[in-house]
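Structure, as structure tokens:
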Amino acid sequence: MLFPGLSTQSVYRTLTSLMVVCVWVTVTTGQTAEPDKAPSPAESEPVTVARPETTRLSPDQKRDLNLLMGVLTDAKIDQAKRFDAAASLIARNWPTANEQLAEQLNRADPTTRKAIALALARSADPPRALIAPLIQLIGSSDAAVREAVASALGRYEDPQVMQQLITIAGDTKQDFARRLGAIEALAEHRQAPSVEALVNLVRPGGDRQVIVAAAQALQKLTGITRFSDNPAAWGDWWTEHKHLPHERWLGRLTRSLGVRVNQLEQQQVALTDRLSDVYNRLYTATEPAQRPVLLREMLHNPTAQLRLLALELIERSLLSAEPINDETRAAMREKLTDADALVRTHAAALLRDLGDEPAAVQVASLLLPEATPSVQAAYLSLLSRVPQDKAIDPALVLLARPALRTASANFLIVAVEAKLFSPAQQVGVLKLSRDHLAKAAEPDPAVIRLLGKIGDPADAPTLVKLLDHQQLNVRRAAGEAFLGDHYDPAALLAKLGDASVADQALAVAARRGNTPQVIEALLAHEPANGELKSAWDAAVVAVANRLPLPAMQRLDDQLARQPARKALRLSILQAISQPKSTNGETLPDGNPERLVLILRYADLLLQAKDTAAARPLYDRLAAAKALPAAYLNQVRAGQVQTALADGAHEQAITVAKAWIAADASAKARVGTWLLDAAEAALTAKQTEQAAALTGHAAQLAEASLSEADTKRMNQLREQIKARQTPPADKPGG
């Protein structure tokens, strides 16, 4: 069992408790006092400056107002979007908008109230028209609303607001919920009267709940936790600090708040790590069929580290080739707009690995609104896997930003290859790429590769210059540009001797080289060994087979004088001997020059004793009507030798007879080959075949045999006769 002694219900209760504590620590850490708002008796009362407000709305403003109010009040819409709508309305400070916001604060929907209050808490200058409805809400039974209202009231640096809160907090006739809300709001007012009022509320003799609440408010305001709810300790502290000069007060408060923040952060890390560990174990113990449900629960957890853990577990599943179901993918897509940038980044990376089309469509509209460059780069990486035409215009904007230039260019390269560009967009990206390369001291390699895809011959000088750049990645990016069809490859081919781009030069030679000059350059820069040598061999063969046949014959003549390159010569001739070209077209045997090259290949195979490969080539050449007559006897010689080597004696004799009838000088060679075959047959104990071959040698060429061959023939006859004559019976048998 994963947790001995604990039931499943106990495990879940533990997880829930840990999550609550983590969220509380997060919230508490985020509400520490700002140094420039520290309370000090020496601090003068704040001055409220009235802002100009629009009294009459234009049609466009009315439309915006209705749209934003619709989003704010729609309970089906994500709370974060409702918060954004409230923040936009508050920032506009239109009287009509303020009236409607006040009306919503007075209504019963807590989610709308919370969205407005949180937006006010983050506003630099919240509208005064909303003070009264906020005061009314400080006693809300909904703790989340009450907390948001307290934070919102803390944004009003107004003595009158603070005095109202002090009055409510100290009024024993008030409902406790309102007193509690006022106390929580006073923790946001870092002024001397607020501190003094809270210290007074901690004094003995009061309502115990009020004392505890006031002590907690003081802890939040000052960052001091060691006093707990001890009235004497808080009283002594206030007596010591209330007359300090502003600078000294600020220094002490800053130190105490810093210590408290550090403590809370350490607690949060420890608790979150513990919670992550428990969830990790729970995931391992869960049946595989139920894990997607747990993953989706974790993805919606308010703790960012747990959402990240869920994504890590999904990544583990991907590495194990486990399927990710549609529900989990949908939950991952929701994380593309997560509040945490790391979650957004990781979600985008995993959806890229999944090649998720809906996610790519989604991030195309998120590229420009997103404010974090690392997240935008992750979105662009996803789009590089699943390109979308609607992302091109945003990517062009981001191409001008140094932090996102590489990611944008990589996506645009894919978009070019997918033919998603409009003519206007192509003009735009071409201009941006040229401008960057003209001005940048350190050109971006991705932009160079992009120019290689979209440029024209006018860009060739720029790329040629970059081939000599001091940075290796720049040189290689320029070399890659020449692999396409936009530019003359001569500049890159001239770099065959440059080890940093030699592989690219070989690639462009193999793809586009078609002249004797390219062959000469290749032969002059043969690598010693390794992968580069294999690429060199392939490039030489590819270029050679694009040469005109006369040039190819001259190349073969050159290689024939270089015994060390015999294997290369074989590869080149093998390619030209194929009955079909590289694009699948049938090559007729009607070109004499090509046939001569095929004959050279057959002769090389015969020399290598690969008669099985050579024989069909000789037969093919014998049937080719375009073969020059001068080569016919060479073909017949090859046919005879390969047929004899393969045991096709009848074919060999037939060809030999035709050859001798046409050229009597062939008798001696035919006789020698027949005797060679007879010796081989005799060695293989094929006496009858040896006898037949010897007989053919005598019939066709006995008078033309050399003295040595005549002696061999006589010896063969004696050996054959000896094997054919049965042994004599022994005497007395």
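Identifiers in the structure tokens: chain A, B, ... in order shown; residue index from 1 per chain; ligand index from 1 in order shown.
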message = Need to verify the contact set: region 134-142 of chain A, 7 Å, only C-alpha atoms, exclusion of same-chain residues closer than 6 positions in sequence. Can you return it as a ChimeraX atom specification?
response = /A:149-150,177-178,181-182
task = Within 8 Å of Gln504 (chain A), counting only C-alpha atoms, which residues show up once you throw out same-chain ones fewer than 3 positions away? Write them as a list in words, please.
result =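 With the cut-off at 8 Å, the set is Arg476, Gly479, Glu480, Leu483, Leu492, Val501, Ala507 and Val508 of chain A.
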inquiry  = When you look at Ala91 (chain A) with a cut-off of 9 Å (counting only C-alpha atoms), what residues show up, excluding the ones that are within fewer than 6 positions of it in the same chain? I need them as a list in words.
reply    = Ser123, Ala124, Asp125, Pro126 and Pro127 of chain A
Export of prior selection with N, CA, C and O atoms as a PDB file, in the first residue's frame:
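The result, written out as result.pdb:
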ATOM      1  N   SER A 123      -5.866  48.583  -8.906  1.00  0.00           N
ATOM      2  CA  SER A 123      -5.935  49.844  -9.639  1.00  0.00           C
ATOM      3  C   SER A 123      -5.029  50.881  -8.997  1.00  0.00           C
ATOM      4  O   SER A 123      -4.983  51.000  -7.762  1.00  0.00           O
ATOM      5  N   ALA A 124      -4.325  51.621  -9.821  1.00  0.00           N
ATOM      6  CA  ALA A 124      -3.461  52.678  -9.288  1.00  0.00           C
ATOM      7  C   ALA A 124      -4.278  53.863  -8.786  1.00  0.00           C
ATOM      8  O   ALA A 124      -3.831  54.609  -7.910  1.00  0.00           O
ATOM      9  N   ASP A 125      -5.488  54.040  -9.304  1.00  0.00           N
ATOM     10  CA  ASP A 125      -6.312  55.196  -8.930  1.00  0.00           C
ATOM     11  C   ASP A 125      -7.791  54.793  -8.999  1.00  0.00           C
ATOM     12  O   ASP A 125      -8.509  55.154  -9.931  1.00  0.00           O
ATOM     13  N   PRO A 126      -8.270  54.033  -8.019  1.00  0.00           N
ATOM     14  CA  PRO A 126      -9.650  53.540  -8.077  1.00  0.00           C
ATOM     15  C   PRO A 126     -10.662  54.679  -7.964  1.00  0.00           C
ATOM     16  O   PRO A 126     -10.440  55.656  -7.233  1.00  0.00           O
ATOM     17  N   PRO A 127     -11.799  54.588  -8.647  1.00  0.00           N
ATOM     18  CA  PRO A 127     -12.816  55.657  -8.604  1.00  0.00           C
ATOM     19  C   PRO A 127     -13.414  55.814  -7.208  1.00  0.00           C
ATOM     20  O   PRO A 127     -13.768  54.829  -6.548  1.00  0.00           O
TER      21      PRO A 127
END
Sel. of alpha helix (DSSP H) residues, region 136-240 of chain A, as a VMD selection string = chain A and resid 136 to 137 143 to 153 159 to 170 176 to 186 192 to 202 208 to 222 231 to 240
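The smallest atom-to-atom distance between Gly455 (chain A) and any of A:Ala441, A:Tyr487, A:Asp74, A:Gln376, using only C-alpha atoms, is found for A:Tyr487.
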ask   = Any idea what the distance is between CA of Gln290 (chain A) and CA of Pro358 (chain A)?
value =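 Value for the CA of Gln290 (chain A)-CA of Pro358 (chain A) distance: 24.6 Å.
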task = Please provide the set of residues having any atom within 9 Å of Ala658 (chain A), restricted to only C-alpha atoms, with same-chain residues fewer than 5 positions apart removed, written as a ChimeraX atom specification.
result = /A:636,653,663
query = In terms of the shortest atom-to-atom distance over only C-alpha atoms, which of A:Lys242, A:Arg128, A:Lys721, A:Arg296 is closest to Asn98 (chain A)?
reply =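 Closest residue, counting only C-alpha atoms: A:Arg128.
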key: Nearby residues (only C-alpha atoms) at most 12 Å from Ser500 (chain A), same-chain spacing under 4 positions excluded, as a ChimeraX atom specification   = /A:467-479,492,495-496,504-506,532
inquiry  = Just to confirm, what's the straight-line distance from CA of Gly497 (chain A) to CA of Ala528 (chain A) in Å (one decimal)?
reply    =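 Here the two named atoms are 12.4 Å from each other.
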Contacts of region 169-171 of chain A within 10 Å, only C-alpha atoms, excl. fewer than 3 positions in-chain, as an NGL selection string = :A and (163-166 or 174-186 or 197-198 or 200-201 or 206 or 210 or 214)
Could those residues be written to a file, using N, CA and C atoms, as an mmCIF file, in the first residue's frame?
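Full text of again_28.cif as output:
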data_model
loop_
_atom_site.group_PDB
_atom_site.id
_atom_site.type_symbol
_atom_site.label_atom_id
_atom_site.label_comp_id
_atom_site.auth_asym_id
_atom_site.auth_seq_id
_atom_site.Cartn_x
_atom_site.Cartn_y
_atom_site.Cartn_z
ATOM 1 N N GLN A 163 -11.026 56.489 8.498
ATOM 2 C CA GLN A 163 -11.762 56.793 9.724
ATOM 3 C C GLN A 163 -13.059 56.000 9.795
ATOM 4 N N GLN A 164 -13.712 55.830 8.647
ATOM 5 C CA GLN A 164 -14.925 55.011 8.645
ATOM 6 C C GLN A 164 -14.602 53.584 9.060
ATOM 7 N N LEU A 165 -13.517 53.061 8.561
ATOM 8 C CA LEU A 165 -13.125 51.694 8.905
ATOM 9 C C LEU A 165 -12.775 51.583 10.389
ATOM 10 N N ILE A 166 -12.071 52.589 10.924
ATOM 11 C CA ILE A 166 -11.725 52.589 12.354
ATOM 12 C C ILE A 166 -12.992 52.596 13.194
ATOM 13 N N GLN A 174 -21.765 46.940 16.162
ATOM 14 C CA GLN A 174 -21.757 46.447 14.787
ATOM 15 C C GLN A 174 -21.730 44.913 14.778
ATOM 16 N N ASP A 175 -22.271 44.350 13.708
ATOM 17 C CA ASP A 175 -22.186 42.909 13.489
ATOM 18 C C ASP A 175 -20.713 42.510 13.393
ATOM 19 N N PHE A 176 -20.371 41.343 13.959
ATOM 20 C CA PHE A 176 -18.961 40.931 13.968
ATOM 21 C C PHE A 176 -18.391 40.833 12.552
ATOM 22 N N ALA A 177 -19.194 40.366 11.603
ATOM 23 C CA ALA A 177 -18.694 40.216 10.234
ATOM 24 C C ALA A 177 -18.239 41.562 9.677
ATOM 25 N N ARG A 178 -19.005 42.649 9.993
ATOM 26 C CA ARG A 178 -18.605 43.981 9.505
ATOM 27 C C ARG A 178 -17.352 44.456 10.230
ATOM 28 N N ARG A 179 -17.284 44.185 11.524
ATOM 29 C CA ARG A 179 -16.088 44.576 12.262
ATOM 30 C C ARG A 179 -14.857 43.833 11.712
ATOM 31 N N LEU A 180 -15.048 42.541 11.431
ATOM 32 C CA LEU A 180 -13.945 41.757 10.883
ATOM 33 C C LEU A 180 -13.509 42.300 9.522
ATOM 34 N N GLY A 181 -14.478 42.642 8.667
ATOM 35 C CA GLY A 181 -14.140 43.201 7.360
ATOM 36 C C GLY A 181 -13.392 44.518 7.493
ATOM 37 N N ALA A 182 -13.818 45.364 8.440
ATOM 38 C CA ALA A 182 -13.148 46.647 8.652
ATOM 39 C C ALA A 182 -11.721 46.434 9.152
ATOM 40 N N ILE A 183 -11.556 45.463 10.066
ATOM 41 C CA ILE A 183 -10.214 45.165 10.585
ATOM 42 C C ILE A 183 -9.300 44.690 9.453
ATOM 43 N N GLU A 184 -9.813 43.803 8.609
ATOM 44 C CA GLU A 184 -9.012 43.319 7.479
ATOM 45 C C GLU A 184 -8.648 44.463 6.537
ATOM 46 N N ALA A 185 -9.565 45.403 6.353
ATOM 47 C CA ALA A 185 -9.285 46.544 5.481
ATOM 48 C C ALA A 185 -8.256 47.475 6.105
ATOM 49 N N LEU A 186 -8.294 47.622 7.459
ATOM 50 C CA LEU A 186 -7.308 48.485 8.119
ATOM 51 C C LEU A 186 -5.890 47.946 7.941
ATOM 52 N N ALA A 197 -5.296 52.102 15.886
ATOM 53 C CA ALA A 197 -6.625 51.521 16.095
ATOM 54 C C ALA A 197 -6.532 50.008 16.274
ATOM 55 N N LEU A 198 -5.693 49.355 15.477
ATOM 56 C CA LEU A 198 -5.539 47.904 15.591
ATOM 57 C C LEU A 198 -4.881 47.524 16.916
ATOM 58 N N ASN A 200 -5.117 49.163 19.677
ATOM 59 C CA ASN A 200 -6.140 49.356 20.713
ATOM 60 C C ASN A 200 -7.127 48.195 20.742
ATOM 61 N N LEU A 201 -7.404 47.630 19.575
ATOM 62 C CA LEU A 201 -8.352 46.514 19.523
ATOM 63 C C LEU A 201 -7.770 45.228 20.107
ATOM 64 N N GLY A 206 -11.553 43.067 25.488
ATOM 65 C CA GLY A 206 -12.427 43.116 24.326
ATOM 66 C C GLY A 206 -12.904 41.729 23.905
ATOM 67 N N VAL A 210 -12.395 39.573 18.096
ATOM 68 C CA VAL A 210 -11.874 40.846 17.585
ATOM 69 C C VAL A 210 -10.385 40.964 17.880
ATOM 70 N N ALA A 214 -7.635 41.443 15.029
ATOM 71 C CA ALA A 214 -6.786 42.639 15.019
ATOM 72 C C ALA A 214 -5.316 42.261 15.067
#
task = Excluding Val447 (chain A) and residues on its chain fewer than 3 positions from it, collect all residues at most 9 Å away from it, counting only C-alpha atoms, and give them as an MDAnalysis selection string.
result = chainID A and resid 399 405:406 408:410 413 433:434 436:437 443:444 450:452 477
Write to file, as a compact mmCIF listing (two decimals), in the first residue's frame, the residues of the selection just made, with N, CA, C and O atoms.
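So part.txt came out as:
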# COMPACT_ATOMS: atom_id res chain seq x y z
N LEU A 399 9.27 39.32 -35.38
CA LEU A 399 10.56 39.17 -36.06
C LEU A 399 11.46 40.37 -35.81
O LEU A 399 12.69 40.25 -35.84
N ARG A 405 13.40 36.94 -32.40
CA ARG A 405 13.73 36.92 -33.82
C ARG A 405 13.97 35.49 -34.32
O ARG A 405 13.44 35.08 -35.37
N THR A 406 14.73 34.71 -33.57
CA THR A 406 15.04 33.35 -34.02
C THR A 406 13.79 32.48 -34.09
O THR A 406 13.55 31.79 -35.09
N SER A 408 10.69 33.42 -34.33
CA SER A 408 9.80 33.91 -35.39
C SER A 408 10.30 33.46 -36.76
O SER A 408 9.51 33.00 -37.60
N ALA A 409 11.60 33.58 -36.99
CA ALA A 409 12.15 33.19 -38.29
C ALA A 409 11.98 31.69 -38.54
O ALA A 409 11.65 31.28 -39.65
N ASN A 410 12.16 30.89 -37.50
CA ASN A 410 11.99 29.44 -37.66
C ASN A 410 10.55 29.10 -38.05
O ASN A 410 10.32 28.23 -38.90
N ILE A 413 9.97 30.17 -41.70
CA ILE A 413 10.57 29.22 -42.65
C ILE A 413 9.60 28.09 -42.95
O ILE A 413 9.38 27.71 -44.10
N SER A 433 13.89 40.74 -43.40
CA SER A 433 15.09 39.90 -43.40
C SER A 433 16.28 40.67 -43.96
O SER A 433 17.39 40.63 -43.41
N ARG A 434 16.06 41.37 -45.07
CA ARG A 434 17.16 42.13 -45.68
C ARG A 434 17.63 43.26 -44.75
O ARG A 434 18.84 43.49 -44.61
N HIS A 436 17.51 43.36 -41.51
CA HIS A 436 18.28 42.80 -40.40
C HIS A 436 19.70 42.45 -40.83
O HIS A 436 20.67 42.80 -40.15
N LEU A 437 19.83 41.77 -41.95
CA LEU A 437 21.15 41.34 -42.38
C LEU A 437 22.02 42.50 -42.82
O LEU A 437 23.25 42.43 -42.76
N PRO A 443 24.51 38.68 -37.40
CA PRO A 443 23.27 38.27 -38.06
C PRO A 443 22.68 37.01 -37.41
O PRO A 443 23.40 36.12 -36.97
N ASP A 444 21.36 36.98 -37.36
CA ASP A 444 20.67 35.82 -36.80
C ASP A 444 20.67 34.69 -37.84
O ASP A 444 20.18 34.86 -38.95
N LEU A 450 15.98 31.91 -43.50
CA LEU A 450 14.72 32.41 -44.03
C LEU A 450 14.94 33.11 -45.37
O LEU A 450 14.19 32.89 -46.33
N LEU A 451 15.99 33.93 -45.44
CA LEU A 451 16.30 34.60 -46.70
C LEU A 451 16.63 33.58 -47.78
O LEU A 451 16.30 33.77 -48.97
N GLY A 452 17.26 32.48 -47.37
CA GLY A 452 17.56 31.43 -48.33
C GLY A 452 16.30 30.83 -48.94
O GLY A 452 16.32 30.34 -50.07
N ALA A 477 24.59 28.76 -41.74
CA ALA A 477 23.26 29.22 -42.16
C ALA A 477 23.31 29.74 -43.60
O ALA A 477 22.41 29.47 -44.41
task = Please indicate the distance in Å from CA of Ala460 (chain A) to CA of Ala438 (chain A), rounded to one decimal place.
result =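 CA of Ala460 (chain A) sits 13.0 Å away from CA of Ala438 (chain A).
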